[in-house]
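Visitor: Before I ask anything, let me first share the structure, which is written out below as structure tokens.
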Amino acid sequence: MGGALTALERDHPPTHIDFAKAENWRMNHVQALHQHFKQANLEFAMNIQEFGEFLQAALPQASESSKILWGKFDPAKEGFVNVLEVMSGLAIMGRGSISEKLQLLWAMHDFNSVGNLSYDELVVLLFIAASSTVLLSAKGTIPEERFIEAIADEAFVSADIDITGRINYSGFLHWFLDYLQITEETPTVGLREFLKRMQCMKQKEVTATAGQLALQRQAQQLGVASGGGAASTEKKGS
């Protein structure tokens with residue numbers, strides 16, 4: 001995971017940033033992507049042209065990194081990426097404090113800004129956080145969903161909430177910091193340790209990313225609900 005900015009770096013930001021490297025992104029850059037995503041009411045699934053246009057509109061200075069990011073987030077050449085997965089990975093791997101990263105990660109997954117997540121929504125957050133870190137760092141492997149569900153179970157038990165309930169940010173933050181054995185003041189978390197805690201160190205062939213699997217599952221569910229056939233992704237950033 002990327003480390004926190006020093007006082008000097010905060011006061012004197014560089015005039016040029018190589019956005020092709022995830023560790024050069026800052027939280028305000030990722031926030032710009034998320035803000036544009038919400039305001040433009042965009043779809044999570046984007047093809048390569050849409051993704052390039054998204055970066056150009058949200059953060060023009062980062063637009064040249066679109067092809068590199070695309071290659072990382074579509075390893076099996078499915079023809080689309082989940083932009084939520086891209087933003088989550090940049091939040092985790094970019095420069096910022098632990099508190100800034102977790103707040104941003106939570107905000108991106110709290111789709112309706114209600115301040116809490118269901119069990120399934122937390123599983124998606126954790127799965128995408130793990131998957132995106134693997135993809136950007138090229139370390140570890142995307143974990144099986146059952147391992148992520150076991151981690152989500154721990155979060156709900158820690159917060160003393162039944163899985164039919166919803167966990168708020170405070171409960172999530174307290175549990176996650178304890179799970180990673182850190183505090184909000186911890187400057188950074190070692191990449192290998194984070195991947196290990198997120199069950200990403202097991203050998204497994206990568207076929208699709210967590211974000212792509214989530215979109216495929218949603219399309220299948222919508223197809224069943226509408227009586228079959230192809231279905232487009234309806235979930236938006238609003």
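Residue numbering restarts at 1 for every chain of the structure tokens, chains are lettered A, B, ... in their displayed order, and ligands are numbered from 1 as they appear.
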Could you give me, as JSON lines, every region 119-229 of chain A residue with an atom at most 7 Å from region 95-106 of chain A, plus its closest atom pair and distance in Å to one decimal, counting only C-alpha atoms, rows ordered by chain then number?
Guide:
{"residue": "A:Glu184", "atom": "CA", "partner": "A:Ser99", "partner_atom": "CA", "distance": 5.5}
{"residue": "A:Thr186", "atom": "CA", "partner": "A:Ile98", "partner_atom": "CA", "distance": 6.9}
{"residue": "A:Pro187", "atom": "CA", "partner": "A:Ser97", "partner_atom": "CA", "distance": 6.3}
{"residue": "A:Thr188", "atom": "CA", "partner": "A:Ile98", "partner_atom": "CA", "distance": 6.7}
Visitor: As a list in words, which residues of chain A does DSSP assign to strand (DSSP E or B)?
Guide: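 Selecting the strand (DSSP E or B) positions of chain A gives Arg26, Glu43, Ala45, Met46, Val81, Asn82, Arg95, Asn116, Leu117, Ser118, Arg166, Ile167, Asn168 and Lys236 of chain A.
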Visitor: Which residue is closest to Lys72 (chain A)? Choose from A:Ala22, A:His34, A:Leu136, A:Ala130 and count only C-alpha atoms.
Guide: A:Leu136
Visitor: What lies within 9 Å of region 154-163 of chain A using only C-alpha atoms, ignoring chain neighbours under 5 positions off, as a ChimeraX atom specification?
Guide: /A:118-120,122,149,171-172,174-176,179
Visitor: As an exercise, work out the distance from CA of Ala76 (chain A) to CA of Ala91 (chain A) in Å and give it to one decimal place.
Guide: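 Taking CA of Ala76 (chain A) as the start and CA of Ala91 (chain A) as the end point, the length is 22.9 Å.
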Visitor: Measuring atom to atom with only C-alpha atoms, identify which of A:Arg146, A:Lys67, A:Lys77, A:Lys139 is nearest to Glu193 (chain A).
Guide: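 Under the stated criterion, the closest residue is A:Lys139.
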